[in-house]
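The next block holds one structure in the form of structure tokens; read it before the comments.
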Amino acid sequence: MADLPSLNLLRTFDAVGRHMSFRAAAEELHVTASAVSHQIRDLEEYLGLPLFVRGARQVSFTPEGQQYHQQISPLLQQLRQATQSLLSRDHPLALRLSAIPYIATDVIAPELAAFQRQWPGLRVDVLGDTRAMNVEEGEADVAIRFGLDIHDNAIPLVPTQCTPLCAPEIAEAVRNDPEKAFATFPVYNMSGYMDLWQFWLKEQGWRLPADHTTNLNSYRGLLVAASQGGICLGFLPVAVPWLERGELAMPFAERTVSLGQLSLEVRDGLRYQPEIQALIPWLRELFQGYQQRTDEFFSPPPV
């Protein structure tokens, strides 16, 4: 058995102890509440005693937990200060941020200058690739992922949904007779993601001829093609600007299907650097802004 529990477990214990909340600690550490719960349980198993009393709505220290927190919290703060002092030396840090091309070019790139004005010594190389780059093997430092299942250590950004989008002039026809519309108008699919169309159709209990689709390897190209008289599968909230501009319409606003979360994966060793700790909330705010725009777009007009 090691002389000390891992620093990650101690950081989590300290955060829960300061907030007296698993959820608030998860927000600070940019992980899920489930991850915090697992890490506290691992620390308690390591020490062989409970550190918190779990209530229905709050947690409180056990006597041993309170004493332990009083002893280690100042030491962790000293470690933070020493590390930040070392990392604040005048040397540029380059981060490689991986995302699918549409998110890289249409979501992140237009807003990146504002972030870099706050961190002039930080260079962010945005890598748009349809392939999921391997963070663990060093292909990228930070990667934006999407999917129904995310790892406990992933950092959630925003929930995502899918639903068909189409050219505004055919929206009524698609809505009134979906089977005829899917057989008549061009249906576009992102290369390698045909299963998402089948997933959406299965959730509706529909059998439509969406297996005869035109594949495109560019999501922006997919949206452009659909805006010219076709149908594609839209991803909310990142596709909402096309709806706001009236270039695409949503024929089945009530038929959205959850695709889980957009989440962030960070390479080990970088997660707690000051620049990463600034990048994470900036990305969260960016994507949550898209969610707010989506909610506002579909909210009823004021009476």
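Every chain in the structure tokens takes a letter, A first, then B, and so on in the order presented; its residues are numbered from 1, and the ligands are numbered from 1 following the presented order.
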
Expected answer as a PyMOL selection string: strand (DSSP E or B) residues in stretch 105-246 of chain A: chain A and resi 122-128+142-147+155-166+187-190+214-216+231-236

Could you pull the residues within 12 Å of A:Ala154, counting only C-alpha atoms, minus those fewer than 2 positions along the same chain, as a ChimeraX atom specification? /A:26,29-36,135,142-147,149-152,156-157,261-268,271,280

Expected file: the selected residues, C-alpha atoms, as a compact mmCIF listing (two decimals), in the first residue's frame:
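File again-v6.txt, as written:
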```txt
# COMPACT_ATOMS: atom_id res chain seq x y z
CA ALA A 26 -17.82 18.61 -9.35
CA LEU A 29 -13.15 20.33 -10.66
CA HIS A 30 -14.96 20.17 -14.02
CA VAL A 31 -16.00 16.53 -13.57
CA THR A 32 -19.33 14.80 -13.01
CA ALA A 33 -20.91 14.46 -9.57
CA SER A 34 -20.67 10.70 -10.10
CA ALA A 35 -16.89 10.98 -10.50
CA VAL A 36 -16.65 12.96 -7.25
CA VAL A 135 -5.54 12.25 -26.26
CA VAL A 142 -7.69 18.64 -25.38
CA ALA A 143 -10.49 17.01 -27.38
CA ILE A 144 -14.20 17.72 -27.68
CA ARG A 145 -16.21 14.49 -27.83
CA PHE A 146 -19.88 13.72 -28.25
CA GLY A 147 -21.85 10.61 -27.44
CA ASP A 149 -21.76 7.61 -22.82
CA ILE A 150 -19.01 9.74 -21.34
CA HIS A 151 -16.24 8.65 -19.02
CA ASP A 152 -16.41 9.73 -15.39
CA PRO A 156 -19.45 17.78 -19.57
CA LEU A 157 -20.08 20.83 -21.74
CA GLN A 261 -23.31 15.20 -24.03
CA LEU A 262 -20.66 17.20 -25.75
CA SER A 263 -17.76 16.66 -23.37
CA LEU A 264 -14.12 17.54 -23.00
CA GLU A 265 -11.18 15.17 -22.62
CA VAL A 266 -7.90 16.59 -21.30
CA ARG A 267 -4.51 14.91 -21.46
CA ASP A 268 -3.13 13.76 -18.11
CA ARG A 271 -5.72 19.25 -16.49
CA ILE A 280 -12.56 24.73 -19.57
```

Can you list, as number ranges by chain, every protein, DNA or RNA residue that comes within 6 Å of A:Thr163 when you count only C-alpha atoms, leaving out same-chain residues fewer than 6 positions away? A: 233-234, 256

Just-selected residues, N, CA, C and O atoms written as a short mmCIF file (atom, residue, chain, number, x, y, z; two decimals), in the first residue's frame:
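Wrote it out as out-v8.cif, contents follow:
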```cif
data_model
loop_
_atom_site.label_atom_id
_atom_site.label_comp_id
_atom_site.auth_asym_id
_atom_site.auth_seq_id
_atom_site.Cartn_x
_atom_site.Cartn_y
_atom_site.Cartn_z
N LEU A 233 -29.81 15.44 -40.91
CA LEU A 233 -29.99 15.27 -39.48
C LEU A 233 -29.23 16.40 -38.78
O LEU A 233 -28.02 16.54 -38.94
N GLY A 234 -29.95 17.19 -38.01
CA GLY A 234 -29.34 18.35 -37.36
C GLY A 234 -28.94 18.03 -35.93
O GLY A 234 -29.61 17.27 -35.24
N THR A 256 -37.19 15.61 -31.03
CA THR A 256 -35.74 15.60 -30.84
C THR A 256 -35.36 14.37 -30.01
O THR A 256 -36.13 13.93 -29.16
#
```

Who sits within 12 Å of A:Val158, only C-alpha atoms, same chain under 6 positions skipped, as a count of residues only: 27

Pull the alpha helix (DSSP H) assignments for stretch 100-295 of chain A out of DSSP run on the backbone, and list those residues as a PyMOL selection string. chain A and resi 101-102+109-118+171-176+178-184+194-204+219-227+240-244+274-295

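For the pair atom CA of A:Arg175 and atom CA of A:Val187, the interatomic distance is 14.6 Å.
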
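Residues in contact with A:Asp106 at 10 Å, where only C-alpha atoms are counted and same-chain residues fewer than 2 positions away are skipped, are listed as Pro101, Tyr102, Ile103, Ala104, Ile108, Ala109, Pro110, Glu111, Arg220, Val238, Ala239 and Pro241 of chain A.
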
Keeping C-alpha atoms, export the residues of the selection given above as a CSV table (one decimal), in the first residue's frame.
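Output (selection.csv):
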```
chain,number,residue,atom,x,y,z
A,101,PRO,CA,-14.4,20.2,-38.3
A,102,TYR,CA,-17.7,22.0,-38.0
A,103,ILE,CA,-17.2,22.7,-34.3
A,104,ALA,CA,-13.6,23.7,-34.9
A,108,ILE,CA,-14.7,27.7,-31.7
A,109,ALA,CA,-12.7,29.6,-34.3
A,110,PRO,CA,-14.9,32.7,-34.4
A,111,GLU,CA,-14.6,33.2,-30.7
A,220,ARG,CA,-21.1,22.3,-42.9
A,238,VAL,CA,-24.6,23.8,-32.5
A,239,ALA,CA,-26.9,24.0,-35.6
A,241,PRO,CA,-27.6,29.6,-36.1
```

Gap from atom CA of A:Glu139 to atom CA of A:Gly269 - Å, one decimal: 14.4 Å

Using only C-alpha atoms, which protein or nucleic acid residues come within 12 Å of A:Tyr193? Drop anything in the same chain fewer than 6 positions from it, and give the result as a list of chain:residue names.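 Counting only the stated atoms, we get A:Thr130, A:Gly147, A:Phe199, A:Trp200, A:Asp211, A:Thr213, A:Thr214, A:Asn215, A:Leu216, A:Asn217, A:Ser218, A:Tyr219, A:Cys232, A:Leu233.
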
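If only C-alpha atoms are the atoms counted, then among A:Ser227, A:Ser98, A:Gln277, A:Asn176 the closest residue to A:Val124 is A:Ser98.
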
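Distances to A:Arg80 were evaluated for A:Ala253, A:Val107, A:Leu201, A:Leu7 using only C-alpha atoms, and the minimum falls at A:Leu7.
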
Can you tell me how far atom CA of A:Leu208 sits from atom CA of A:Leu165, in Å to one decimal?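 For atom CA of A:Leu208 relative to atom CA of A:Leu165, the distance reads 15.5 Å.
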
So that I can check the surroundings of stretch 178-183 of chain A, please list as a PyMOL selection string every protein, DNA and RNA residue that reaches within 9 Å of it, counting only C-alpha atoms and ignoring chain neighbours fewer than 2 positions away. chain A and resi 170+173-176+185-187+206-210+212+231

Between A:Arg255, A:Arg23, A:Arg117, A:Arg245, which is the closest to A:Gln161 once you count only C-alpha atoms?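 Checking each candidate against A:Gln161, we get A:Arg255 as the closest.
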
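Closest to A:Asn8 among A:Leu122, A:Gln71, A:Asn153, A:Thr184 is A:Asn153, based on only C-alpha atoms.
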